[in-house]
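Dumped final30.csv below, it's CSV, C-alpha atoms:
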chain,number,residue,atom,x,y,z
A,1,MET,CA,17.1,7.8,-6.0
A,2,ASN,CA,14.3,8.5,-8.6
A,3,ALA,CA,12.7,11.7,-9.6
A,4,HIS,CA,9.6,11.2,-7.6
A,5,ALA,CA,11.3,10.9,-4.2
A,6,GLU,CA,12.8,13.6,-2.1
A,7,ASP,CA,16.6,13.8,-1.7
A,8,ASN,CA,16.2,13.7,2.1
A,9,THR,CA,15.7,10.4,3.8
A,10,LEU,CA,12.9,9.2,6.2
A,11,GLN,CA,15.0,10.2,9.1
A,12,GLN,CA,15.1,13.9,7.9
A,13,SER,CA,11.3,14.1,7.7
A,14,LYS,CA,9.3,14.9,10.8
A,15,GLY,CA,6.4,12.8,9.6
A,16,SER,CA,5.4,9.2,9.8
A,17,LEU,CA,4.0,6.5,7.5
A,18,VAL,CA,1.1,4.0,7.9
A,19,ILE,CA,1.6,1.3,5.3
A,20,ILE,CA,-1.3,-1.0,4.9
A,21,GLY,CA,-1.3,-4.3,3.1
A,22,GLY,CA,-4.7,-3.9,1.5
A,23,ALA,CA,-8.2,-5.1,2.2
A,24,LEU,CA,-8.5,-2.8,5.2
A,25,ARG,CA,-11.8,-3.4,6.8
A,26,MET,CA,-14.0,-0.5,8.2
A,27,ASP,CA,-14.1,-2.3,11.5
A,28,ASN,CA,-10.3,-2.4,11.9
A,29,SER,CA,-10.4,0.6,14.3
A,30,VAL,CA,-6.9,-0.1,15.5
A,31,VAL,CA,-5.5,1.0,12.1
A,32,TRP,CA,-8.0,3.8,11.3
A,33,GLN,CA,-7.5,5.3,14.8
A,34,ARG,CA,-3.7,5.1,14.4
A,35,ILE,CA,-3.8,7.0,11.2
A,36,VAL,CA,-5.8,9.7,13.0
A,37,ARG,CA,-3.5,9.7,15.9
A,38,GLN,CA,-0.4,10.0,13.7
A,39,ALA,CA,-2.1,13.0,12.1
A,40,GLY,CA,-2.5,14.7,15.4
A,41,GLY,CA,-5.5,13.1,17.0
A,42,ARG,CA,-9.3,13.8,17.0
A,43,GLY,CA,-10.2,16.5,14.5
A,44,ALA,CA,-7.2,16.0,12.4
A,45,LYS,CA,-7.7,17.1,8.8
A,46,ILE,CA,-6.8,14.2,6.4
A,47,ALA,CA,-7.0,14.3,2.7
A,48,VAL,CA,-8.2,11.2,0.9
A,49,ILE,CA,-6.8,10.6,-2.5
A,50,PRO,CA,-8.5,7.8,-4.5
A,51,ALA,CA,-6.2,8.1,-7.5
A,52,ALA,CA,-5.5,4.4,-7.7
A,53,ALA,CA,-9.1,3.2,-7.5
A,54,GLY,CA,-11.2,1.8,-10.3
A,55,SER,CA,-14.2,3.5,-8.7
A,56,PRO,CA,-12.7,6.6,-7.1
A,57,GLU,CA,-16.0,8.0,-5.8
A,58,LYS,CA,-16.9,4.8,-4.0
A,59,SER,CA,-13.4,4.1,-2.7
A,60,GLY,CA,-12.8,7.6,-1.6
A,61,ALA,CA,-16.2,7.8,0.2
A,62,PHE,CA,-15.4,4.6,2.1
A,63,ALA,CA,-12.0,5.9,3.3
A,64,VAL,CA,-13.5,9.3,4.3
A,65,GLU,CA,-16.3,7.6,6.3
A,66,SER,CA,-13.9,5.2,8.0
A,67,LEU,CA,-11.5,8.0,9.0
A,68,ASN,CA,-14.3,10.3,10.2
A,69,GLN,CA,-15.9,7.5,12.3
A,70,ASN,CA,-12.6,7.3,14.1
A,71,GLY,CA,-12.3,11.0,14.9
A,72,ALA,CA,-10.8,12.6,11.8
A,73,GLN,CA,-12.1,15.5,9.7
A,74,ALA,CA,-11.3,13.7,6.4
A,75,PHE,CA,-12.1,15.2,3.0
A,76,LEU,CA,-11.9,13.9,-0.5
A,77,ILE,CA,-9.6,15.3,-3.2
A,78,PRO,CA,-11.2,14.0,-6.4
A,79,LEU,CA,-7.9,13.2,-8.1
A,80,SER,CA,-8.1,10.2,-10.4
A,81,VAL,CA,-7.6,9.4,-14.1
A,82,LYS,CA,-10.8,7.4,-13.7
A,83,HIS,CA,-12.9,10.2,-12.2
A,84,ALA,CA,-16.0,10.9,-14.3
A,85,GLN,CA,-16.1,14.6,-13.6
A,86,PHE,CA,-12.6,16.0,-13.0
A,87,LYS,CA,-9.4,15.7,-15.0
A,88,PRO,CA,-6.2,15.2,-12.9
A,89,ASP,CA,-4.6,18.3,-14.5
A,90,GLU,CA,-7.4,20.4,-13.1
A,91,ILE,CA,-6.9,19.1,-9.6
A,92,VAL,CA,-3.1,18.9,-9.1
A,93,SER,CA,-2.6,22.7,-9.6
A,94,ASN,CA,-5.9,23.9,-8.2
A,95,THR,CA,-5.2,26.4,-5.4
A,96,THR,CA,-8.3,25.4,-3.5
A,97,TRP,CA,-7.0,21.8,-3.1
A,98,LEU,CA,-3.4,22.9,-2.5
A,99,ASP,CA,-4.5,25.2,0.3
A,100,LYS,CA,-6.5,22.4,1.9
A,101,LEU,CA,-3.3,20.3,1.8
A,102,LYS,CA,-1.4,23.1,3.5
A,103,ASP,CA,-4.0,23.0,6.3
A,104,ALA,CA,-4.0,19.2,6.6
A,105,SER,CA,-1.9,16.9,8.7
A,106,GLY,CA,-2.5,13.6,6.9
A,107,VAL,CA,-2.9,12.1,3.4
A,108,TYR,CA,-4.5,8.7,2.8
A,109,PHE,CA,-4.1,6.9,-0.6
A,110,THR,CA,-6.7,4.2,-1.4
A,111,GLY,CA,-6.0,0.9,-3.1
A,112,GLY,CA,-6.3,0.0,-6.7
A,113,ASP,CA,-3.6,0.4,-9.4
A,114,GLN,CA,-0.5,2.2,-8.1
A,115,GLY,CA,0.4,3.2,-11.7
A,116,ARG,CA,-2.6,5.5,-11.6
A,117,ILE,CA,-1.2,7.4,-8.6
A,118,ILE,CA,2.0,8.1,-10.5
A,119,GLN,CA,0.1,9.1,-13.6
A,120,ALA,CA,-2.0,11.6,-11.6
A,121,LEU,CA,0.8,13.1,-9.4
A,122,VAL,CA,3.9,13.0,-11.5
A,123,LYS,CA,4.4,15.0,-14.7
A,124,PRO,CA,5.3,13.1,-17.9
A,125,ASP,CA,8.9,14.4,-17.6
A,126,GLY,CA,9.2,12.8,-14.1
A,127,SER,CA,9.0,16.0,-12.1
A,128,LYS,CA,6.5,16.6,-9.3
A,129,THR,CA,3.2,18.3,-9.8
A,130,ALA,CA,2.3,21.1,-7.4
A,131,MET,CA,0.1,18.6,-5.4
A,132,LEU,CA,2.9,16.1,-5.0
A,133,GLU,CA,5.1,18.9,-3.7
A,134,ALA,CA,2.4,19.8,-1.2
A,135,ILE,CA,2.1,16.2,-0.1
A,136,TRP,CA,5.8,16.0,0.5
A,137,ALA,CA,5.7,19.3,2.4
A,138,LEU,CA,2.9,17.9,4.6
A,139,TYR,CA,5.1,14.9,5.3
A,140,GLN,CA,8.2,16.9,6.1
A,141,ARG,CA,6.5,19.2,8.5
A,142,GLY,CA,5.2,16.2,10.6
A,143,GLY,CA,2.2,14.9,8.9
A,144,VAL,CA,1.3,11.2,8.2
A,145,ILE,CA,1.2,9.6,4.8
A,146,ALA,CA,-1.0,6.5,4.8
A,147,GLY,CA,-1.9,4.1,2.1
A,148,SER,CA,-3.5,0.7,1.5
A,149,SER,CA,-2.5,-1.8,-1.2
A,150,ALA,CA,-1.6,0.5,-4.1
A,151,GLY,CA,-1.2,3.3,-1.6
A,152,ALA,CA,1.4,1.1,0.2
A,153,ALA,CA,3.3,0.1,-3.0
A,154,ILE,CA,4.1,3.8,-3.8
A,155,MET,CA,5.9,4.2,-0.4
A,156,SER,CA,9.3,2.8,-1.7
A,157,THR,CA,11.4,4.3,-4.5
A,158,THR,CA,10.7,1.2,-6.6
A,159,MET,CA,7.2,-0.3,-6.9
A,160,PHE,CA,5.6,-3.2,-8.7
A,161,TYR,CA,3.9,-1.8,-11.8
A,162,ASP,CA,2.6,-4.4,-14.2
A,163,ALA,CA,3.6,-7.4,-12.1
A,164,LYS,CA,3.5,-11.0,-13.2
A,165,PRO,CA,2.3,-13.7,-10.8
A,166,VAL,CA,4.9,-14.8,-8.2
A,167,LEU,CA,6.4,-17.9,-9.9
A,168,PRO,CA,6.8,-16.3,-13.4
A,169,THR,CA,8.5,-13.4,-11.6
A,170,LEU,CA,11.0,-15.8,-10.2
A,171,LYS,CA,11.5,-17.5,-13.6
A,172,LEU,CA,11.5,-14.4,-15.9
A,173,GLY,CA,12.7,-11.6,-13.6
A,174,VAL,CA,11.6,-8.0,-13.6
A,175,THR,CA,12.2,-5.1,-16.1
A,176,ASP,CA,12.2,-1.4,-15.3
A,177,GLY,CA,9.1,0.2,-16.9
A,178,LYS,CA,7.3,-3.1,-17.2
A,179,GLU,CA,7.0,-5.2,-14.0
A,180,ILE,CA,8.5,-2.4,-11.9
A,181,ALA,CA,8.6,1.4,-12.0
A,182,ALA,CA,9.6,4.3,-9.8
A,183,GLY,CA,7.4,4.8,-6.7
A,184,LEU,CA,7.1,8.0,-4.6
A,185,GLY,CA,9.7,6.9,-2.1
A,186,PHE,CA,8.3,8.2,1.2
A,187,ILE,CA,10.2,5.5,3.2
A,188,GLY,CA,13.5,6.5,1.5
A,189,PRO,CA,15.8,4.6,-0.8
A,190,ASP,CA,16.9,1.7,1.4
A,191,VAL,CA,13.7,-0.3,2.0
A,192,PHE,CA,11.5,-2.1,-0.6
A,193,ILE,CA,7.7,-2.3,0.2
A,194,ASP,CA,5.2,-4.9,-1.0
A,195,GLN,CA,1.6,-5.7,0.1
A,196,HIS,CA,-1.2,-8.4,0.2
A,197,LEU,CA,1.8,-10.4,1.1
A,198,ILE,CA,1.1,-13.5,3.1
A,199,ILE,CA,-2.5,-14.2,2.1
A,200,ARG,CA,-1.4,-14.2,-1.6
A,201,GLY,CA,1.9,-15.9,-1.1
A,202,ARG,CA,3.7,-12.9,-2.6
A,203,PHE,CA,6.8,-13.0,-0.3
A,204,ALA,CA,9.1,-14.5,-2.9
A,205,ARG,CA,8.4,-11.9,-5.6
A,206,MET,CA,10.1,-9.3,-3.5
A,207,LEU,CA,13.5,-10.9,-3.9
A,208,PRO,CA,14.1,-10.4,-7.6
A,209,VAL,CA,13.3,-6.8,-7.2
A,210,MET,CA,15.5,-6.3,-4.2
A,211,LEU,CA,18.5,-8.0,-6.0
A,212,LYS,CA,18.0,-6.0,-9.2
A,213,LYS,CA,17.6,-2.6,-7.4
A,214,ASN,CA,20.1,-3.4,-4.6
A,215,TYR,CA,17.8,-3.1,-1.7
A,216,LYS,CA,19.1,-4.8,1.5
A,217,LEU,CA,15.9,-4.5,3.5
A,218,GLY,CA,12.4,-5.4,2.3
A,219,LEU,CA,9.1,-5.3,4.2
A,220,GLY,CA,5.9,-7.0,2.9
A,221,VAL,CA,2.7,-6.4,4.9
A,222,ASP,CA,-0.3,-8.6,5.0
A,223,GLU,CA,-3.9,-7.7,4.4
A,224,ASN,CA,-5.9,-5.8,7.0
A,225,THR,CA,-2.6,-5.1,8.7
A,226,ALA,CA,-0.4,-2.0,8.9
A,227,MET,CA,3.2,-1.0,9.5
A,228,VAL,CA,3.6,2.4,11.3
A,229,VAL,CA,7.0,3.8,10.4
A,230,SER,CA,8.4,6.7,12.5
A,231,ASN,CA,10.9,9.3,11.2
A,232,GLN,CA,13.5,7.4,13.4
A,233,GLY,CA,13.0,4.3,11.3
A,234,GLU,CA,11.0,2.4,14.0
A,235,VAL,CA,8.5,0.0,12.5
A,236,GLU,CA,5.5,-1.1,14.5
A,237,VAL,CA,3.1,-3.8,13.2
A,238,ILE,CA,-0.6,-3.3,14.0
A,239,GLY,CA,-3.9,-4.7,12.9
A,240,TYR,CA,-5.0,-8.2,12.0
A,241,LYS,CA,-1.8,-10.2,11.2
A,242,GLY,CA,1.8,-9.3,10.5
A,243,ALA,CA,4.6,-8.6,8.0
A,244,ILE,CA,7.6,-10.4,6.4
A,245,LEU,CA,11.0,-8.8,6.7
A,246,PHE,CA,13.9,-9.7,4.3
A,247,ASP,CA,17.5,-8.8,5.2
A,248,LEU,CA,19.9,-9.3,2.3
A,249,ASN,CA,23.0,-7.8,3.9
A,250,GLN,CA,24.7,-11.2,3.9
A,251,ALA,CA,23.0,-12.7,0.9
A,252,THR,CA,24.8,-13.8,-2.3
A,253,THR,CA,23.8,-15.1,-5.7
A,254,ASP,CA,25.6,-17.4,-8.2
A,255,GLY,CA,26.0,-15.3,-11.3
A,256,THR,CA,27.0,-18.4,-13.4
A,257,GLN,CA,23.5,-19.8,-12.8
A,258,LYS,CA,21.1,-18.4,-15.4
A,259,ASN,CA,18.0,-18.9,-13.3
A,260,PHE,CA,17.1,-17.1,-10.1
A,261,ASN,CA,18.9,-18.1,-7.0
A,262,ILE,CA,19.9,-16.6,-3.6
A,263,SER,CA,21.9,-17.9,-0.6
A,264,ASN,CA,22.0,-16.7,3.0
A,265,ALA,CA,19.1,-14.4,2.9
A,266,ARG,CA,17.4,-13.7,6.2
A,267,ILE,CA,13.7,-13.9,6.6
A,268,SER,CA,11.6,-12.8,9.6
A,269,TYR,CA,8.0,-12.6,10.5
A,270,LEU,CA,6.9,-9.6,12.6
A,271,ASP,CA,3.6,-10.1,14.4
A,272,ARG,CA,1.2,-7.4,15.5
A,273,GLY,CA,2.7,-5.5,18.4
A,274,ASP,CA,6.3,-6.2,17.3
A,275,ARG,CA,8.7,-3.4,16.6
A,276,PHE,CA,11.7,-3.4,14.3
A,277,ASN,CA,14.3,-0.6,13.9
A,278,LEU,CA,15.4,-0.1,10.2
A,279,HIS,CA,18.6,1.5,11.2
A,280,THR,CA,19.9,-0.8,14.0
A,281,ARG,CA,18.0,-3.9,12.6
A,282,THR,CA,16.9,-4.8,16.1
A,283,LEU,CA,13.7,-6.5,17.0
A,284,THR,CA,11.5,-5.8,20.0
A,285,PRO,CA,8.7,-8.4,20.4
A,286,SER,CA,5.3,-7.4,21.6
A,287,VAL,CA,4.8,-7.1,25.3
A,288,ASP,CA,2.9,-10.5,25.6
A,289,LYS,CA,5.9,-12.3,23.9
A,290,LEU,CA,8.8,-10.7,25.7
A,291,GLN,CA,8.8,-13.3,28.5
A,292,ASN,CA,8.2,-16.1,26.1
A,293,LYS,CA,11.4,-16.5,24.1
A,294,LEU,CA,11.5,-20.0,22.6
A,295,ASN,CA,14.2,-22.4,23.9
A,296,PRO,CA,15.4,-24.7,21.1
A,297,ALA,CA,16.1,-27.4,23.7
A,298,GLN,CA,12.4,-27.4,24.7
A,299,ALA,CA,11.0,-27.2,21.2
A,300,TYR,CA,7.4,-28.3,20.8
A,301,ASN,CA,7.4,-29.8,17.3
A,302,THR,CA,9.3,-32.9,16.4
A,303,GLU,CA,7.8,-34.1,13.1
A,304,GLN,CA,9.5,-33.4,9.8
A,305,ARG,CA,7.2,-31.5,7.3
A,306,PHE,CA,7.5,-30.9,3.6
A,307,TYR,CA,5.7,-28.1,1.8
A,308,PRO,CA,5.0,-28.9,-1.9
A,309,ASP,CA,3.5,-25.4,-2.6
A,310,ILE,CA,5.5,-22.8,-0.6
A,311,LEU,CA,3.8,-20.0,-2.6
A,312,ALA,CA,0.2,-20.9,-1.5
A,313,ASN,CA,-1.7,-18.7,0.9
A,314,THR,CA,-0.1,-18.4,4.4
A,315,VAL,CA,2.1,-21.5,3.8
A,316,VAL,CA,5.4,-19.6,4.3
A,317,THR,CA,4.4,-18.4,7.8
A,318,ASP,CA,3.0,-21.9,8.7
A,319,LEU,CA,6.5,-23.2,7.9
A,320,MET,CA,8.3,-20.5,9.8
A,321,PHE,CA,6.2,-21.0,12.9
A,322,HIS,CA,6.6,-24.8,12.9
A,323,LEU,CA,10.4,-24.6,12.3
A,324,ILE,CA,11.2,-22.0,14.9
A,325,ASP,CA,9.3,-24.2,17.5
A,326,SER,CA,10.9,-27.4,16.3
A,327,LYS,CA,13.8,-29.6,17.2
A,328,LEU,CA,14.6,-29.8,13.5
A,329,GLN,CA,17.1,-27.4,12.0
A,330,ARG,CA,15.7,-27.2,8.4
A,331,ALA,CA,12.5,-27.2,6.4
A,332,THR,CA,12.0,-27.3,2.7
A,333,GLY,CA,9.3,-26.0,0.3
A,334,LEU,CA,8.9,-26.2,-3.4
A,335,ALA,CA,7.4,-23.9,-6.1
A,336,PHE,CA,6.3,-25.4,-9.4
A,337,GLY,CA,3.6,-24.4,-11.8
A,338,MET,CA,2.1,-25.4,-15.2
A,339,ASP,CA,3.0,-22.0,-16.8
A,340,ALA,CA,5.8,-21.3,-19.2
A,341,GLN,CA,8.8,-23.6,-18.4
A,342,PRO,CA,6.7,-26.0,-16.3
A,343,GLU,CA,9.7,-28.2,-15.7
A,344,LEU,CA,11.5,-25.3,-13.9
A,345,GLY,CA,10.8,-24.8,-10.3
A,346,PHE,CA,12.5,-23.6,-7.1
A,347,GLU,CA,13.5,-25.2,-3.8
A,348,PHE,CA,13.2,-23.0,-0.8
A,349,SER,CA,15.4,-24.1,2.1
A,350,PHE,CA,14.7,-22.5,5.5
A,351,SER,CA,17.1,-23.2,8.3
A,352,LYS,CA,17.9,-22.0,11.8
A,353,VAL,CA,21.3,-20.3,12.3
A,354,ALA,CA,23.1,-18.9,15.3
A,355,ASP,CA,21.1,-15.6,15.4
A,356,SER,CA,17.7,-17.2,14.7
A,357,GLU,CA,15.2,-16.6,17.5
A,358,GLY,CA,11.5,-17.0,18.1
A,359,TYR,CA,8.8,-15.8,20.5
A,360,TYR,CA,5.4,-17.2,21.4
A,361,SER,CA,2.2,-16.0,22.9
A,362,GLY,CA,-1.2,-17.5,23.6
A,363,ALA,CA,-2.6,-14.4,25.2
A,364,SER,CA,-5.1,-13.7,22.5
A,365,GLY,CA,-6.6,-17.2,22.8
A,366,ALA,CA,-4.8,-18.3,19.6
A,367,GLU,CA,-1.1,-19.3,19.0
A,368,SER,CA,1.0,-16.4,17.8
A,369,TYR,CA,4.6,-16.4,16.9
A,370,THR,CA,7.4,-13.9,16.1
A,371,VAL,CA,10.2,-15.4,14.0
A,372,HIS,CA,13.5,-13.6,13.6
A,373,ASN,CA,16.4,-14.4,11.3
A,374,LEU,CA,15.8,-17.7,9.7
A,375,ARG,CA,18.2,-18.4,6.8
A,376,LEU,CA,16.6,-18.7,3.4
A,377,ASP,CA,18.3,-20.3,0.4
A,378,ILE,CA,16.5,-20.6,-3.0
A,379,ARG,CA,17.8,-22.7,-5.9
A,380,PRO,CA,16.3,-23.6,-9.2
A,381,VAL,CA,15.3,-27.3,-9.6
A,382,SER,CA,13.8,-29.3,-12.5
A,383,MET,CA,10.8,-31.6,-12.5
A,384,ASN,CA,10.4,-34.5,-14.8
A,385,LEU,CA,7.3,-34.3,-17.0
A,386,PRO,CA,4.7,-35.8,-17.2
A,387,LEU,CA,4.3,-36.0,-13.5
A,388,TYR,CA,2.2,-39.2,-13.8
A,389,LYS,CA,1.0,-41.7,-16.4
structure tokens encoding of this file:
Amino acid sequence: MNAHAEDNTLQQSKGSLVIIGGALRMDNSVVWQRIVRQAGGRGAKIAVIPAAAGSPEKSGAFAVESLNQNGAQAFLIPLSVKHAQFKPDEIVSNTTWLDKLKDASGVYFTGGDQGRIIQALVKPDGSKTAMLEAIWALYQRGGVIAGSSAGAAIMSTTMFYDAKPVLPTLKLGVTDGKEIAAGLGFIGPDVFIDQHLIIRGRFARMLPVMLKKNYKLGLGVDENTAMVVSNQGEVEVIGYKGAILFDLNQATTDGTQKNFNISNARISYLDRGDRFNLHTRTLTPSVDKLQNKLNPAQAYNTEQRFYPDILANTVVTDLMFHLIDSKLQRATGLAFGMDAQPELGFEFSFSKVADSEGYYSGASGAESYTVHNLRLDIRPVSMNLPLYK
């Protein structure tokens, strides 16, 4: 547990979280309205904190307007190391703003650079400012903490800080104080959070962090999509797309191998409308999928596919959807790049196991899948250079 997080867990708080994967559109009323609902409904007072933003005035105004269009009484707290007029030290101990937080039932963190949130709300010695104490108090008395992109990254006790691209993260690992740092930990010590996940191919970069910091569960949410987390550990996916869930409770690594590797991880895709309980690790598919559990004997896909760039945008979910609705038992993807160590790459092997299951719906007019408990094994592989002559 780091100094920024409370000693009590998610379950001991009366509040809830809305964790958004970034790029939240103003017209995504499902997510904006849910934030307002979690804060108590129409008229709820929600503090917008643009501390992460490169342009805090602009980002803060966008969030305030979006929340107010959906029934809130949102207000801006001008807290940012980038703010032209106010210094963070003047804001975090200002009684006017602290009193407003005491009267509020929600806090919304905008996107940007999550390190700036920590810089603004945490003292140099690692202790909480008065404003961070007030935010925790709001959460514990039943309020909602919401955040998009950088505002999502701070939700776990460890967050990406100065992160490298995905493939170099697999090759070189992560170091405390560099690629990763302490987050604010609202979701508690047991779940790692990442964002912009599927559209940017970031799913794989979660694994080195989870192994290093001993997380057994990881949740990565896609853009314009949110995970609503109750104080009972119930996660509901809402918005545009979905989230990736990692379960490493049965996973192992080969310590004699110098490069990154993992065996017997479990990977799932939670679609919008799905629910997952963090404590019981049980999945409840959306209502439109409940009656459409996939039968392996009646699988739709029969062709073998190979994925030469598993880290490309949305490729991992394309693979998972095809495999779960396939007569095949296994699918393989590769990750290579012309960065440092261009000859080093990784093989991603996805396979169906006894507890793998899938659900399907066409109710929206497009195919949508929920995929639970595929096995994932990753091993380092080498490529001969040059590729061609």
### Query
Restricting the calculation to only C-alpha atoms, which member of A:Asn292, A:Ser80, A:Gln73, A:Thr225 is positioned closest to Arg116 in chain A?
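Result for the nearest residue to Arg116 in chain A: A:Ser80.
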Could you produce a table of the residues of range 87-123 of chain A lying within 12 Å of range 163-184 of chain A, with the nearest pair of atoms per residue and their separation in Å rounded to one decimal, using only C-alpha atoms, ordered by chain and increasing residue number, as a Markdown table?
| residue | atom | partner | partner_atom | distance |
| --- | --- | --- | --- | --- |
| A:Phe109 | CA | A:Leu184 | CA | 11.9 |
| A:Asp113 | CA | A:Ala163 | CA | 11.0 |
| A:Gln114 | CA | A:Gly183 | CA | 8.4 |
| A:Gly115 | CA | A:Ala181 | CA | 8.4 |
| A:Arg116 | CA | A:Gly183 | CA | 11.2 |
| A:Ile117 | CA | A:Gly183 | CA | 9.2 |
| A:Ile118 | CA | A:Gly183 | CA | 7.4 |
| A:Gln119 | CA | A:Gly183 | CA | 10.9 |
| A:Leu121 | CA | A:Leu184 | CA | 9.4 |
| A:Val122 | CA | A:Leu184 | CA | 9.1 |
Quick one: contact table of range 113-199 of chain A to range 261-278 of chain A, 12 Å max, nearest atom pair and distance in Å to one decimal per residue, counting all atoms listed in the file, chain and number order, as JSON lines?
{"residue": "A:Leu170", "atom": "CA", "partner": "A:Asn261", "partner_atom": "CA", "distance": 8.8}
{"residue": "A:Lys171", "atom": "CA", "partner": "A:Asn261", "partner_atom": "CA", "distance": 9.9}
{"residue": "A:Gly173", "atom": "CA", "partner": "A:Asn261", "partner_atom": "CA", "distance": 11.1}
{"residue": "A:Ile187", "atom": "CA", "partner": "A:Leu278", "partner_atom": "CA", "distance": 10.4}
{"residue": "A:Gly188", "atom": "CA", "partner": "A:Leu278", "partner_atom": "CA", "distance": 11.1}
{"residue": "A:Pro189", "atom": "CA", "partner": "A:Leu278", "partner_atom": "CA", "distance": 12.0}
{"residue": "A:Asp190", "atom": "CA", "partner": "A:Leu278", "partner_atom": "CA", "distance": 9.1}
{"residue": "A:Val191", "atom": "CA", "partner": "A:Leu278", "partner_atom": "CA", "distance": 8.4}
{"residue": "A:Phe192", "atom": "CA", "partner": "A:Leu278", "partner_atom": "CA", "distance": 11.7}
{"residue": "A:Leu197", "atom": "CA", "partner": "A:Tyr269", "partner_atom": "CA", "distance": 11.5}
{"residue": "A:Ile198", "atom": "CA", "partner": "A:Tyr269", "partner_atom": "CA", "distance": 10.2}
### Task
Choose the residue, out of A:Met131, A:Ala52, A:Leu387, A:Leu79, that has the smallest atom-to-atom separation from Met338 in chain A; count only C-alpha atoms.
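Of A:Met131, A:Ala52, A:Leu387, A:Leu79, the one nearest Met338 in chain A, counting only C-alpha atoms, is A:Leu387.
Here CA of Ala153 in chain A stands at a distance of 18.1 Å from CA of Gly239 in chain A.
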### Task
Kindly provide, as a list in words, the polymer residues lying within 12 Å of (-11.9, -4.3, 7.1), counting only C-alpha atoms and using the coordinates exactly as they appear in the file.
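Within 12 Å of (-11.9, -4.3, 7.1), the protein and nucleic acid residues are Ile20, Gly21, Gly22, Ala23, Leu24, Arg25, Met26, Asp27, Asn28, Ser29, Val30, Val31, Trp32, Phe62, Ala63, Ser66, Ser148, Glu223, Asn224, Thr225, Ala226, Gly239 and Tyr240 of chain A.
Our summary of the geometry notes that CA of Glu57 in chain A is positioned 19.8 Å from CA of Leu98 in chain A.
Look at range 306-322 of chain A: the protein and nucleic acid residues within 6 Å of it, using all atoms listed in the file and passing over chain neighbours fewer than 6 places away, are Ile198, Ile199, Arg200, Gly201, Thr332, Gly333, Leu334 and Ala335 of chain A.
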### Task
Check the smallest atom-to-atom distance from each of A:Gly43, A:Gly255, A:Gly147, A:Pro50 to Asn68 in chain A using all atoms listed in the file, then report the winner.
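Counting all atoms listed in the file, the residue closest to Asn68 in chain A is A:Gly43.
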Expected file for range 228-237 of chain A keeping N, CA, C and O atoms, as a short mmCIF file (atom, residue, chain, number, x, y, z; two decimals), in the first residue's frame:
data_model
loop_
_atom_site.label_atom_id
_atom_site.label_comp_id
_atom_site.auth_asym_id
_atom_site.auth_seq_id
_atom_site.Cartn_x
_atom_site.Cartn_y
_atom_site.Cartn_z
N VAL A 228 -17.87 1.15 -14.22
CA VAL A 228 -18.46 1.64 -12.97
C VAL A 228 -18.19 0.59 -11.90
O VAL A 228 -18.58 -0.57 -12.05
N VAL A 229 -17.51 0.98 -10.84
CA VAL A 229 -17.10 0.03 -9.80
C VAL A 229 -17.81 0.39 -8.50
O VAL A 229 -17.64 1.50 -7.97
N SER A 230 -18.60 -0.54 -7.99
CA SER A 230 -19.32 -0.30 -6.74
C SER A 230 -18.43 -0.61 -5.55
O SER A 230 -17.37 -1.22 -5.68
N ASN A 231 -18.89 -0.21 -4.36
CA ASN A 231 -18.10 -0.51 -3.17
C ASN A 231 -18.15 -1.98 -2.80
O ASN A 231 -17.43 -2.43 -1.91
N GLN A 232 -18.95 -2.76 -3.50
CA GLN A 232 -18.98 -4.21 -3.32
C GLN A 232 -18.11 -4.93 -4.34
O GLN A 232 -18.13 -6.17 -4.43
N GLY A 233 -17.38 -4.17 -5.13
CA GLY A 233 -16.47 -4.78 -6.10
C GLY A 233 -17.14 -5.23 -7.37
O GLY A 233 -16.58 -6.01 -8.14
N GLU A 234 -18.36 -4.74 -7.64
CA GLU A 234 -19.07 -5.09 -8.87
C GLU A 234 -18.67 -4.10 -9.96
O GLU A 234 -18.84 -2.89 -9.80
N VAL A 235 -18.14 -4.61 -11.06
CA VAL A 235 -17.71 -3.78 -12.19
C VAL A 235 -18.75 -3.91 -13.30
O VAL A 235 -19.10 -5.01 -13.72
N GLU A 236 -19.23 -2.77 -13.80
CA GLU A 236 -20.15 -2.75 -14.93
C GLU A 236 -19.53 -1.92 -16.04
O GLU A 236 -19.05 -0.81 -15.80
N VAL A 237 -19.51 -2.46 -17.25
CA VAL A 237 -18.94 -1.76 -18.40
C VAL A 237 -20.05 -1.02 -19.14
O VAL A 237 -21.09 -1.60 -19.46
#
